[in-house]
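Novice: Just one file: my_file_10.csv, with CSV, C-alpha atoms.
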chain,number,residue,atom,x,y,z
J,4,MET,CA,137.5,87.8,63.6
J,5,LYS,CA,136.8,89.0,60.1
J,6,PHE,CA,133.6,87.9,58.5
J,7,THR,CA,132.1,88.1,55.0
J,8,VAL,CA,128.3,87.4,55.0
J,9,GLN,CA,126.5,86.1,52.0
J,10,ILE,CA,122.7,86.3,51.6
J,11,ASN,CA,121.0,84.2,49.0
J,12,GLU,CA,117.3,84.9,49.6
J,13,GLY,CA,115.1,87.9,49.3
J,14,PRO,CA,113.4,89.6,52.2
J,15,TYR,CA,110.2,88.3,53.9
J,16,GLN,CA,109.7,85.0,51.9
J,17,HIS,CA,112.7,83.5,53.7
J,18,GLN,CA,114.3,84.2,57.0
J,19,ALA,CA,117.8,84.3,55.5
J,20,SER,CA,118.1,88.1,55.5
J,21,ASP,CA,116.7,88.4,59.0
J,22,SER,CA,119.1,85.9,60.3
J,23,ALA,CA,122.0,87.5,58.5
J,24,LEU,CA,121.0,90.9,59.9
J,25,GLN,CA,120.9,89.5,63.5
J,26,PHE,CA,124.2,87.7,62.9
J,27,THR,CA,125.9,90.9,61.6
J,28,LYS,CA,124.6,93.0,64.5
J,29,ALA,CA,125.7,90.4,67.0
J,30,ALA,CA,129.1,90.1,65.4
J,31,LEU,CA,129.6,93.9,65.4
J,32,GLU,CA,128.5,94.1,69.1
J,33,LYS,CA,131.1,91.5,70.0
J,34,GLY,CA,133.8,93.6,68.3
J,35,HIS,CA,134.2,91.5,65.2
J,36,GLU,CA,134.8,93.0,61.8
J,37,ILE,CA,132.4,92.6,58.9
J,38,PHE,CA,134.5,92.8,55.8
J,39,ARG,CA,131.6,92.7,53.4
J,40,VAL,CA,127.9,91.7,53.1
J,41,PHE,CA,127.3,90.1,49.6
J,42,PHE,CA,123.7,89.7,48.2
J,43,TYR,CA,123.3,87.0,45.7
J,44,HIS,CA,120.5,85.1,44.0
J,45,ASP,CA,117.1,86.6,45.1
J,46,GLY,CA,119.1,88.2,48.0
J,47,VAL,CA,119.6,91.1,45.7
J,48,ASN,CA,116.0,92.0,46.4
J,49,ASN,CA,117.0,93.2,49.8
J,50,GLY,CA,118.5,96.2,48.2
J,51,THR,CA,115.6,97.9,46.5
J,52,ARG,CA,114.4,101.1,48.2
J,53,LEU,CA,110.9,100.6,46.8
J,54,THR,CA,109.7,98.1,49.3
J,55,VAL,CA,106.8,99.2,51.6
J,56,PRO,CA,106.1,96.5,54.2
J,57,PRO,CA,103.2,97.0,56.6
J,58,GLN,CA,103.9,99.5,59.4
J,59,ASP,CA,103.7,96.9,62.1
J,60,ASP,CA,106.3,94.7,60.4
J,61,ARG,CA,110.1,95.1,60.2
J,62,ASN,CA,111.6,96.9,57.2
J,63,LEU,CA,114.6,94.8,56.2
J,64,GLN,CA,115.9,97.1,53.6
J,65,LYS,CA,115.9,100.1,56.0
J,66,ALA,CA,117.5,98.0,58.7
J,67,TRP,CA,120.3,97.1,56.4
J,68,SER,CA,120.7,100.7,55.2
J,69,GLU,CA,120.8,102.0,58.7
J,70,LEU,CA,123.2,99.3,59.9
J,71,ALA,CA,125.5,100.1,56.9
J,72,GLU,CA,125.4,103.8,57.8
J,73,LYS,CA,126.1,103.3,61.4
J,74,HIS,CA,129.0,100.9,60.9
J,75,GLY,CA,130.3,101.8,57.5
J,76,LEU,CA,129.3,98.3,56.1
J,77,ASP,CA,130.1,97.4,52.6
J,78,LEU,CA,126.8,96.1,51.2
J,79,VAL,CA,127.4,94.6,47.7
J,80,ILE,CA,124.7,93.4,45.3
J,81,CYS,CA,125.8,91.0,42.6
J,82,ILE,CA,125.4,92.7,39.2
J,83,ALA,CA,124.5,89.6,37.2
J,84,ALA,CA,121.8,88.6,39.7
J,85,ALA,CA,120.6,92.2,40.0
J,86,GLN,CA,120.2,92.6,36.2
J,87,ARG,CA,118.0,89.5,36.0
J,88,ARG,CA,115.8,90.8,38.8
J,89,GLY,CA,115.6,94.5,38.0
J,90,ILE,CA,117.8,96.0,40.8
J,91,MET,CA,119.5,99.0,39.3
J,92,ASP,CA,121.6,101.9,40.4
J,93,GLU,CA,121.7,105.1,38.5
J,94,ASN,CA,124.7,104.2,36.3
J,95,GLU,CA,123.4,100.8,35.4
J,96,ALA,CA,119.9,102.0,34.6
J,97,LYS,CA,121.4,104.6,32.3
J,98,ARG,CA,123.7,102.1,30.6
J,99,GLN,CA,120.7,99.7,30.0
J,100,GLY,CA,118.5,102.6,28.8
J,101,LEU,CA,116.0,102.1,31.6
J,102,ASP,CA,113.8,104.9,33.0
J,103,ALA,CA,114.4,104.4,36.7
J,104,ASP,CA,116.7,103.0,39.3
J,105,ASN,CA,115.8,101.5,42.7
J,106,ILE,CA,118.9,100.8,44.7
J,107,ALA,CA,118.6,101.5,48.4
J,108,PRO,CA,121.0,103.8,50.4
J,109,GLY,CA,124.2,102.1,51.5
J,110,PHE,CA,124.1,99.4,48.9
J,111,ARG,CA,126.3,99.2,45.8
J,112,ILE,CA,126.3,97.0,42.7
J,113,SER,CA,129.4,95.1,41.7
J,114,GLY,CA,130.7,91.7,40.5
J,115,LEU,CA,131.0,88.2,41.8
J,116,GLY,CA,134.7,88.8,42.3
J,117,GLN,CA,133.7,90.8,45.4
J,118,LEU,CA,132.3,87.6,46.9
J,119,ILE,CA,135.4,85.5,46.1
J,120,GLU,CA,137.6,88.3,47.5
J,121,GLY,CA,135.4,88.2,50.6
J,122,GLY,CA,136.2,84.5,51.0
J,123,ILE,CA,139.9,85.1,50.5
J,124,GLN,CA,140.2,88.1,52.8
J,125,SER,CA,138.0,87.0,55.7
J,126,ASP,CA,138.5,84.4,58.4
J,127,ARG,CA,135.0,83.1,57.8
J,128,LEU,CA,132.5,83.3,55.0
J,129,ILE,CA,129.0,82.7,56.3
J,130,VAL,CA,126.2,81.8,53.9
J,131,PHE,CA,122.6,82.5,54.7
J,132,GLY,CA,120.1,80.8,52.4
J,133,ASP,CA,117.4,78.3,51.9
Q,8,MET,CA,146.4,88.9,45.5
Q,9,SER,CA,148.5,85.8,46.1
Q,10,THR,CA,146.5,84.0,48.8
Q,11,VAL,CA,145.2,80.7,47.6
Q,12,LYS,CA,142.4,79.2,49.7
Q,13,LYS,CA,140.5,75.9,49.4
Q,14,PHE,CA,137.1,76.9,48.1
Q,15,MET,CA,134.3,74.3,47.8
Q,16,PHE,CA,131.0,74.9,46.1
Q,17,VAL,CA,128.3,72.6,47.4
Q,18,ASN,CA,125.4,72.0,45.0
Q,19,ARG,CA,122.3,70.5,46.5
Q,20,LYS,CA,119.4,71.4,44.1
Q,21,ALA,CA,118.1,70.1,40.8
Q,22,PRO,CA,119.2,72.2,37.8
Q,23,TYR,CA,116.1,73.9,36.5
Q,24,GLY,CA,113.5,74.0,39.3
Q,25,THR,CA,115.4,77.0,40.9
Q,26,ILE,CA,118.2,79.2,39.7
Q,27,TYR,CA,120.7,78.1,42.3
Q,28,ALA,CA,122.6,75.7,40.0
Q,29,LEU,CA,123.1,78.2,37.2
Q,30,GLU,CA,124.1,81.0,39.5
Q,31,SER,CA,126.4,78.7,41.4
Q,32,LEU,CA,128.2,77.8,38.2
Q,33,GLU,CA,128.7,81.5,37.6
Q,34,VAL,CA,130.5,81.9,40.9
Q,35,VAL,CA,132.6,78.8,40.3
Q,36,LEU,CA,133.9,80.3,37.0
Q,37,ILE,CA,134.8,83.6,38.7
Q,38,SER,CA,136.6,81.8,41.6
Q,39,ALA,CA,138.7,79.9,39.0
Q,40,ALA,CA,139.7,83.3,37.5
Q,41,PHE,CA,140.9,84.3,41.0
Q,42,GLU,CA,143.2,81.2,40.8
Q,43,GLN,CA,141.9,79.6,44.0
Q,44,ASP,CA,142.0,75.9,44.8
Q,45,VAL,CA,138.4,75.1,43.8
Q,46,SER,CA,136.4,72.0,44.2
Q,47,LEU,CA,132.7,71.2,43.6
Q,48,ALA,CA,130.5,68.8,45.5
Q,49,PHE,CA,127.2,67.5,44.3
Q,50,VAL,CA,124.8,66.1,46.8
Q,51,ASP,CA,121.0,65.4,47.1
Q,52,ASP,CA,119.1,66.5,44.0
Q,53,GLY,CA,122.3,68.4,43.1
Q,54,VAL,CA,123.6,65.3,41.4
Q,55,TYR,CA,121.1,65.9,38.6
Q,56,GLN,CA,123.0,69.1,37.6
Q,57,ILE,CA,125.7,66.9,36.0
Q,58,ALA,CA,123.3,64.3,34.6
Q,59,LYS,CA,124.0,63.2,31.0
Q,60,GLY,CA,121.6,64.1,28.1
Q,61,GLN,CA,119.8,67.2,29.5
Q,62,SER,CA,117.3,68.7,27.2
Q,63,THR,CA,115.4,71.8,28.2
Q,64,GLU,CA,113.7,72.7,24.9
Q,65,GLU,CA,110.2,71.8,26.1
Q,66,ILE,CA,110.5,73.9,29.3
Q,67,GLY,CA,111.8,77.0,27.5
Q,68,MET,CA,114.9,77.3,29.6
Q,69,LYS,CA,118.5,77.6,28.7
Q,70,ASN,CA,120.4,74.3,28.9
Q,71,PHE,CA,123.5,75.4,30.7
Q,72,SER,CA,124.9,71.9,31.3
Q,73,PRO,CA,127.6,72.1,28.5
Q,74,THR,CA,129.3,74.6,30.7
Q,75,TYR,CA,130.2,71.9,33.2
Q,76,THR,CA,132.3,70.2,30.5
Q,77,ALA,CA,134.4,73.4,30.3
Q,78,LEU,CA,135.4,73.4,34.0
Q,79,GLY,CA,138.5,71.3,33.2
Q,80,ASP,CA,139.8,74.2,31.0
Q,81,TYR,CA,139.3,76.5,34.0
Q,82,GLU,CA,141.5,74.1,36.1
Q,83,VAL,CA,138.5,73.1,38.1
Q,84,THR,CA,139.3,69.4,38.3
Q,85,LYS,CA,138.0,68.1,41.6
Q,86,ILE,CA,134.3,67.3,41.3
Q,87,TYR,CA,133.0,65.2,44.2
Q,88,VAL,CA,129.7,63.3,43.9
Q,89,GLU,CA,128.1,61.8,46.9
Q,90,LYS,CA,127.5,58.1,46.4
Q,91,GLU,CA,124.5,57.9,48.7
Q,92,SER,CA,122.8,60.7,46.7
Q,93,LEU,CA,123.3,58.7,43.5
Q,94,ASP,CA,122.1,55.4,45.1
Q,95,GLU,CA,118.9,57.1,46.5
Q,96,ARG,CA,118.0,58.2,43.0
Q,97,GLY,CA,118.9,55.0,41.2
Q,98,LEU,CA,121.8,56.7,39.4
Q,99,THR,CA,125.3,55.6,38.8
Q,100,ILE,CA,128.4,57.4,37.5
Q,101,ASP,CA,127.4,56.2,34.0
Q,102,ASP,CA,124.4,58.5,34.2
Q,103,LEU,CA,126.6,61.5,34.7
Q,104,MET,CA,128.4,63.7,32.1
Q,105,ASP,CA,131.9,62.7,31.2
Q,106,LEU,CA,133.9,65.5,32.8
Q,107,LYS,CA,137.6,65.5,32.1
Q,108,TYR,CA,140.7,67.6,32.5
Q,109,GLU,CA,144.2,67.5,31.2
Q,110,ASP,CA,146.8,67.0,33.9
Q,111,GLU,CA,149.7,69.4,33.2
Q,112,ASP,CA,151.9,67.5,35.8
Q,113,ASP,CA,151.4,64.2,33.9
Q,114,ASP,CA,152.2,65.2,30.3
Q,115,TRP,CA,148.6,66.6,29.8
Q,116,ALA,CA,147.1,63.1,30.2
Q,117,GLU,CA,143.3,63.2,30.1
Q,118,LYS,CA,141.8,62.4,33.5
Q,119,ASP,CA,138.4,62.1,35.0
Q,120,SER,CA,137.3,65.1,37.1
Q,121,ILE,CA,134.4,63.2,38.8
Q,122,ARG,CA,135.2,61.3,42.0
Q,123,VAL,CA,132.3,59.4,43.6
Q,124,VAL,CA,132.8,59.5,47.4
Q,125,SER,CA,130.8,58.3,50.4
Q,126,SER,CA,129.1,60.9,52.6
Q,127,GLU,CA,131.7,60.1,55.2
Q,128,GLU,CA,134.6,60.8,52.8
Q,129,LEU,CA,132.8,63.9,51.6
Q,130,ALA,CA,132.5,65.1,55.2
Q,131,GLN,CA,136.2,64.7,55.6
Q,132,ILE,CA,137.0,66.6,52.4
Q,133,MET,CA,134.6,69.4,53.5
Q,134,GLY,CA,136.5,69.5,56.8
Q,135,GLU,CA,139.7,70.3,54.9
Q,136,GLN,CA,138.2,73.3,53.1
Q,137,GLU,CA,138.7,77.0,54.1
Q,138,VAL,CA,135.7,78.5,52.3
Q,139,ILE,CA,132.4,76.6,51.6
Q,140,LEU,CA,129.7,78.1,49.6
Q,141,SER,CA,126.4,76.2,49.7
Q,142,PHE,CA,123.8,76.5,46.9
Rewrite the structure of this file - the entire thing - as structure tokens.
Specialist:
Amino acid sequence: MKFTVQINEGPYQHQASDSALQFTKAALEKGHEIFRVFFYHDGVNNGTRLTVPPQDDRNLQKAWSELAEKHGLDLVICIAAAQRRGIMDENEAKRQGLDADNIAPGFRISGLGQLIEGGIQSDRLIVFGD
Amino acid sequence: MSTVKKFMFVNRKAPYGTIYALESLEVVLISAAFEQDVSLAFVDDGVYQIAKGQSTEEIGMKNFSPTYTALGDYEVTKIYVEKESLDERGLTIDDLMDLKYEDEDDDWAEKDSIRVVSSEELAQIMGEQEVILSF
């Protein structure tokens, strides 16, 4: 089956990103296809490479980046939500005249159309949120 | 992209305490641009999102409620409101905004977009959807 996964909450405060990560891993292990993972609302905060969680805790951003590299996942951060919350890639930072970017490896910034396309192209769209 | 799916956006939260309502509305407008079969459901505190007479001046936030009245122009014409959620909050349909659309199949007659349904009816409508996004 082909899935699109939507994540509406940031890391650590809510379990949504953890649950989505476990779901995505399990689906891939069972041979399913992940069409896209879309980060919306505070979920965009999963895609900053500047998080430094304590060493004895999980690092969600790294876990997503590594999973993306291993399986060629398409991790998409909503641009409108990202702009509100200060998640920037190099191009967007430049365009906005900002002095830094913070997007993590394996993530890309794009529009909400990518979420709707995920809903259209996938057999199931699964929302992880509050 | 010619596939048309039944998309439902389920709105469960009050409009200004969190950003879910505003950002949900942003996705709804995009989905309409993709020419999908879109419907909205308002349940729990979500019914307050389409309450009449919203004023946000004193909380310093943007009042985005006028956008709901534009949904008809985006051909988003199916807006389901759960009756139980209204009842629990002492609200009736008269407390909600007057959301209309022009029916192109009926000589552009102006019709109500809001349909108050029981939770049982809403469950059935949800069962008919292909993609449900919950906010």
Novice: Set out as CSV a contact list for chain J and chain Q with a cut-off of 12 Å, giving each residue of chain J that qualifies its closest atom pair and distance in Å to one decimal, counting only C-alpha atoms, ordered by chain and rising residue number.
Specialist:
residue,atom,partner,partner_atom,distance
J:Phe6,CA,Q:Val138,CA,11.5
J:Thr7,CA,Q:Val138,CA,10.6
J:Val8,CA,Q:Leu140,CA,10.8
J:Gln9,CA,Q:Leu140,CA,8.9
J:Ile10,CA,Q:Ser141,CA,10.9
J:Asn11,CA,Q:Phe142,CA,8.5
J:Glu12,CA,Q:Tyr27,CA,10.5
J:Tyr43,CA,Q:Glu30,CA,8.7
J:His44,CA,Q:Glu30,CA,7.1
J:Asp45,CA,Q:Ile26,CA,9.2
J:Gly46,CA,Q:Tyr27,CA,11.7
J:Cys81,CA,Q:Val34,CA,10.4
J:Ile82,CA,Q:Glu30,CA,11.8
J:Ala83,CA,Q:Glu30,CA,8.9
J:Ala84,CA,Q:Glu30,CA,7.9
J:Ala85,CA,Q:Glu30,CA,11.7
J:Arg87,CA,Q:Ile26,CA,10.9
J:Arg88,CA,Q:Ile26,CA,11.9
J:Gly114,CA,Q:Ile37,CA,9.3
J:Leu115,CA,Q:Val34,CA,6.4
J:Gly116,CA,Q:Ile37,CA,6.3
J:Gln117,CA,Q:Ile37,CA,9.9
J:Leu118,CA,Q:Val34,CA,8.5
J:Ile119,CA,Q:Ser38,CA,5.9
J:Glu120,CA,Q:Phe41,CA,8.3
J:Gly121,CA,Q:Val138,CA,9.9
J:Gly122,CA,Q:Val138,CA,6.2
J:Ile123,CA,Q:Lys12,CA,6.5
J:Gln124,CA,Q:Thr10,CA,8.5
J:Ser125,CA,Q:Val138,CA,9.4
J:Asp126,CA,Q:Glu137,CA,8.6
J:Arg127,CA,Q:Val138,CA,7.2
J:Leu128,CA,Q:Val138,CA,6.4
J:Ile129,CA,Q:Leu140,CA,8.2
J:Val130,CA,Q:Leu140,CA,6.7
J:Phe131,CA,Q:Ser141,CA,8.9
J:Gly132,CA,Q:Phe142,CA,7.9
J:Asp133,CA,Q:Phe142,CA,8.3
Novice: Work out how far CA of Pro14 (chain J) is from CA of Glu93 (chain J), in Å to one decimal.
Specialist: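 So the answer is 22.3 Å.
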Novice: Just checking: using only C-alpha atoms, which residue out of J:Leu76, J:Pro57, J:Asn48, J:Gly13 ends up closest to Lys28 (chain J)?
Specialist: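 Once distances to Lys28 (chain J) are computed over only C-alpha atoms, the minimum belongs to J:Leu76.
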Novice: I'd like the contact shell of Asp101 (chain Q) - 10 Å cut-off, all atoms listed in the file, skipping same-chain residues fewer than 4 positions apart - returned as a list in words.
Specialist: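 The residues satisfying every condition are Ala58, Lys59 and Asp105 of chain Q.
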Novice: Residues of the last selection are to be written out with C-alpha atoms, as a compact mmCIF listing (two decimals), in the frame of the given file.
Specialist:
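To be explicit, this is the file written out as part-v6.txt:
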# COMPACT_ATOMS: atom_id res chain seq x y z
CA ALA Q 58 123.30 64.30 34.60
CA LYS Q 59 124.00 63.20 31.00
CA ASP Q 105 131.90 62.70 31.20
Novice: Figure out the distance between CA of Val88 (chain Q) and CA of Glu127 (chain Q), please, to one decimal in Å.
Specialist: 11.9 Å
Novice: Neighbours of Ala77 (chain Q) within 12 Å (all atoms listed in the file; same-chain residues fewer than 5 positions away dropped), as number ranges by chain?
Specialist: Q: 32, 35-36, 39, 71-72, 82-84, 104-109, 120
Novice: Residues of the last selection are to be written out with C-alpha atoms, as a PDB file, in the frame of the given file.
Specialist:
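What landed in result12.pdb:
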ATOM      1  CA  LEU Q  32     128.200  77.800  38.200  1.00  0.00           C
ATOM      2  CA  VAL Q  35     132.600  78.800  40.300  1.00  0.00           C
ATOM      3  CA  LEU Q  36     133.900  80.300  37.000  1.00  0.00           C
ATOM      4  CA  ALA Q  39     138.700  79.900  39.000  1.00  0.00           C
ATOM      5  CA  PHE Q  71     123.500  75.400  30.700  1.00  0.00           C
ATOM      6  CA  SER Q  72     124.900  71.900  31.300  1.00  0.00           C
ATOM      7  CA  GLU Q  82     141.500  74.100  36.100  1.00  0.00           C
ATOM      8  CA  VAL Q  83     138.500  73.100  38.100  1.00  0.00           C
ATOM      9  CA  THR Q  84     139.300  69.400  38.300  1.00  0.00           C
ATOM     10  CA  MET Q 104     128.400  63.700  32.100  1.00  0.00           C
ATOM     11  CA  ASP Q 105     131.900  62.700  31.200  1.00  0.00           C
ATOM     12  CA  LEU Q 106     133.900  65.500  32.800  1.00  0.00           C
ATOM     13  CA  LYS Q 107     137.600  65.500  32.100  1.00  0.00           C
ATOM     14  CA  TYR Q 108     140.700  67.600  32.500  1.00  0.00           C
ATOM     15  CA  GLU Q 109     144.200  67.500  31.200  1.00  0.00           C
ATOM     16  CA  SER Q 120     137.300  65.100  37.100  1.00  0.00           C
TER      17      SER Q 120
END
Novice: Interatomic distance between CA of Glu95 (chain Q) and CA of Asp119 (chain Q)?
Specialist: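 These atoms are spaced 23.2 Å apart.
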Novice: Using all atoms listed in the file, which residue out of Q:Thr99, Q:Ser126, Q:Thr63, Q:Ser46 lies closest to Tyr81 (chain Q)?
Specialist: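 Looking at the shortest contact to Tyr81 (chain Q), the residue is Q:Ser46.
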Novice: Please identify all polymer residues within 12 Å of Ser62 (chain Q), counting all atoms listed in the file, omitting same-chain residues fewer than 6 positions from it, and present them as a PyMOL selection string.
Specialist: chain Q and resi 22-23+56+68-73
Novice: Would you list the contacts of Arg61 (chain J) as number ranges by chain, taking every protein, DNA or RNA residue within 10 Å and counting all atoms listed in the file, but skipping same-chain residues closer than 4 positions in sequence?
Specialist: J: 15, 21, 56-57, 65-66
Novice: So, with all atoms listed in the file as the atoms that count, which of Q:Trp115, Q:Tyr75, Q:Tyr55, Q:Tyr87 lies closest to Leu103 (chain Q)?
Specialist: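 Once distances to Leu103 (chain Q) are computed over all atoms listed in the file, the minimum belongs to Q:Tyr55.
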Novice: Counting all atoms listed in the file, figure out which residue out of J:Val47, J:His17, J:Leu70, J:Gly100 gets nearest to Ala29 (chain J).
Specialist: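 The answer is J:Leu70, which sits nearest to Ala29 (chain J).
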Novice: Complete region 57-86 of chain Q at the level of N, CA and C atoms, written as a PDB file, in the frame of the given file.
Specialist:
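Result file result.pdb:
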ATOM      1  N   ILE Q  57     124.643  67.446  36.916  1.00  0.00           N
ATOM      2  CA  ILE Q  57     125.700  66.900  36.000  1.00  0.00           C
ATOM      3  C   ILE Q  57     125.183  65.635  35.321  1.00  0.00           C
ATOM      4  N   ALA Q  58     123.867  65.442  35.279  1.00  0.00           N
ATOM      5  CA  ALA Q  58     123.300  64.300  34.600  1.00  0.00           C
ATOM      6  C   ALA Q  58     123.528  64.435  33.075  1.00  0.00           C
ATOM      7  N   LYS Q  59     123.757  63.314  32.445  1.00  0.00           N
ATOM      8  CA  LYS Q  59     124.000  63.200  31.000  1.00  0.00           C
ATOM      9  C   LYS Q  59     122.660  63.545  30.234  1.00  0.00           C
ATOM     10  N   GLY Q  60     122.788  64.048  29.033  1.00  0.00           N
ATOM     11  CA  GLY Q  60     121.600  64.100  28.100  1.00  0.00           C
ATOM     12  C   GLY Q  60     120.532  65.062  28.535  1.00  0.00           C
ATOM     13  N   GLN Q  61     120.892  66.203  29.117  1.00  0.00           N
ATOM     14  CA  GLN Q  61     119.800  67.200  29.500  1.00  0.00           C
ATOM     15  C   GLN Q  61     119.274  67.849  28.296  1.00  0.00           C
ATOM     16  N   SER Q  62     117.948  67.997  28.303  1.00  0.00           N
ATOM     17  CA  SER Q  62     117.300  68.700  27.200  1.00  0.00           C
ATOM     18  C   SER Q  62     116.226  69.613  27.819  1.00  0.00           C
ATOM     19  N   THR Q  63     116.303  70.895  27.509  1.00  0.00           N
ATOM     20  CA  THR Q  63     115.400  71.800  28.200  1.00  0.00           C
ATOM     21  C   THR Q  63     114.440  72.505  27.177  1.00  0.00           C
ATOM     22  N   GLU Q  64     114.486  72.021  25.941  1.00  0.00           N
ATOM     23  CA  GLU Q  64     113.700  72.700  24.900  1.00  0.00           C
ATOM     24  C   GLU Q  64     112.223  72.843  25.310  1.00  0.00           C
ATOM     25  N   GLU Q  65     111.645  71.783  25.881  1.00  0.00           N
ATOM     26  CA  GLU Q  65     110.200  71.800  26.100  1.00  0.00           C
ATOM     27  C   GLU Q  65     109.845  72.637  27.371  1.00  0.00           C
ATOM     28  N   ILE Q  66     110.826  73.009  28.198  1.00  0.00           N
ATOM     29  CA  ILE Q  66     110.500  73.900  29.300  1.00  0.00           C
ATOM     30  C   ILE Q  66     110.913  75.324  29.069  1.00  0.00           C
ATOM     31  N   GLY Q  67     111.441  75.575  27.884  1.00  0.00           N
ATOM     32  CA  GLY Q  67     111.800  77.000  27.500  1.00  0.00           C
ATOM     33  C   GLY Q  67     112.863  77.594  28.297  1.00  0.00           C
ATOM     34  N   MET Q  68     113.752  76.757  28.859  1.00  0.00           N
ATOM     35  CA  MET Q  68     114.900  77.300  29.600  1.00  0.00           C
ATOM     36  C   MET Q  68     116.177  76.998  28.939  1.00  0.00           C
ATOM     37  N   LYS Q  69     117.199  77.797  29.294  1.00  0.00           N
ATOM     38  CA  LYS Q  69     118.500  77.600  28.700  1.00  0.00           C
ATOM     39  C   LYS Q  69     119.172  76.345  29.282  1.00  0.00           C
ATOM     40  N   ASN Q  70     119.659  75.472  28.421  1.00  0.00           N
ATOM     41  CA  ASN Q  70     120.400  74.300  28.900  1.00  0.00           C
ATOM     42  C   ASN Q  70     121.853  74.722  29.130  1.00  0.00           C
ATOM     43  N   PHE Q  71     122.192  74.907  30.415  1.00  0.00           N
ATOM     44  CA  PHE Q  71     123.500  75.400  30.700  1.00  0.00           C
ATOM     45  C   PHE Q  71     124.503  74.242  31.036  1.00  0.00           C
ATOM     46  N   SER Q  72     124.024  72.981  30.887  1.00  0.00           N
ATOM     47  CA  SER Q  72     124.900  71.900  31.300  1.00  0.00           C
ATOM     48  C   SER Q  72     126.190  71.733  30.516  1.00  0.00           C
ATOM     49  N   PRO Q  73     126.253  72.181  29.224  1.00  0.00           N
ATOM     50  CA  PRO Q  73     127.600  72.100  28.500  1.00  0.00           C
ATOM     51  C   PRO Q  73     128.677  72.851  29.254  1.00  0.00           C
ATOM     52  N   THR Q  74     128.301  73.867  30.035  1.00  0.00           N
ATOM     53  CA  THR Q  74     129.300  74.600  30.700  1.00  0.00           C
ATOM     54  C   THR Q  74     130.149  73.766  31.692  1.00  0.00           C
ATOM     55  N   TYR Q  75     129.506  72.746  32.268  1.00  0.00           N
ATOM     56  CA  TYR Q  75     130.200  71.900  33.200  1.00  0.00           C
ATOM     57  C   TYR Q  75     131.432  71.193  32.508  1.00  0.00           C
ATOM     58  N   THR Q  76     131.249  70.907  31.218  1.00  0.00           N
ATOM     59  CA  THR Q  76     132.300  70.200  30.500  1.00  0.00           C
ATOM     60  C   THR Q  76     133.533  71.127  30.288  1.00  0.00           C
ATOM     61  N   ALA Q  77     133.321  72.442  30.434  1.00  0.00           N
ATOM     62  CA  ALA Q  77     134.400  73.400  30.300  1.00  0.00           C
ATOM     63  C   ALA Q  77     135.210  73.609  31.552  1.00  0.00           C
ATOM     64  N   LEU Q  78     134.716  73.065  32.671  1.00  0.00           N
ATOM     65  CA  LEU Q  78     135.400  73.400  34.000  1.00  0.00           C
ATOM     66  C   LEU Q  78     136.830  72.930  33.974  1.00  0.00           C
ATOM     67  N   GLY Q  79     137.122  71.818  33.291  1.00  0.00           N
ATOM     68  CA  GLY Q  79     138.500  71.300  33.200  1.00  0.00           C
ATOM     69  C   GLY Q  79     139.454  72.382  32.661  1.00  0.00           C
ATOM     70  N   ASP Q  80     138.965  73.127  31.666  1.00  0.00           N
ATOM     71  CA  ASP Q  80     139.800  74.200  31.000  1.00  0.00           C
ATOM     72  C   ASP Q  80     140.033  75.341  32.012  1.00  0.00           C
ATOM     73  N   TYR Q  81     139.149  75.485  32.999  1.00  0.00           N
ATOM     74  CA  TYR Q  81     139.300  76.500  34.000  1.00  0.00           C
ATOM     75  C   TYR Q  81     140.126  75.982  35.216  1.00  0.00           C
ATOM     76  N   GLU Q  82     140.712  74.809  35.040  1.00  0.00           N
ATOM     77  CA  GLU Q  82     141.500  74.100  36.100  1.00  0.00           C
ATOM     78  C   GLU Q  82     140.606  73.820  37.329  1.00  0.00           C
ATOM     79  N   VAL Q  83     139.332  73.618  37.092  1.00  0.00           N
ATOM     80  CA  VAL Q  83     138.500  73.100  38.100  1.00  0.00           C
ATOM     81  C   VAL Q  83     138.371  71.584  37.867  1.00  0.00           C
ATOM     82  N   THR Q  84     139.135  70.815  38.641  1.00  0.00           N
ATOM     83  CA  THR Q  84     139.300  69.400  38.300  1.00  0.00           C
ATOM     84  C   THR Q  84     138.893  68.446  39.397  1.00  0.00           C
ATOM     85  N   LYS Q  85     138.393  69.000  40.493  1.00  0.00           N
ATOM     86  CA  LYS Q  85     138.000  68.100  41.600  1.00  0.00           C
ATOM     87  C   LYS Q  85     136.456  68.249  41.766  1.00  0.00           C
ATOM     88  N   ILE Q  86     135.766  67.261  41.262  1.00  0.00           N
ATOM     89  CA  ILE Q  86     134.300  67.300  41.300  1.00  0.00           C
ATOM     90  C   ILE Q  86     133.858  66.027  42.097  1.00  0.00           C
TER      91      ILE Q  86
END
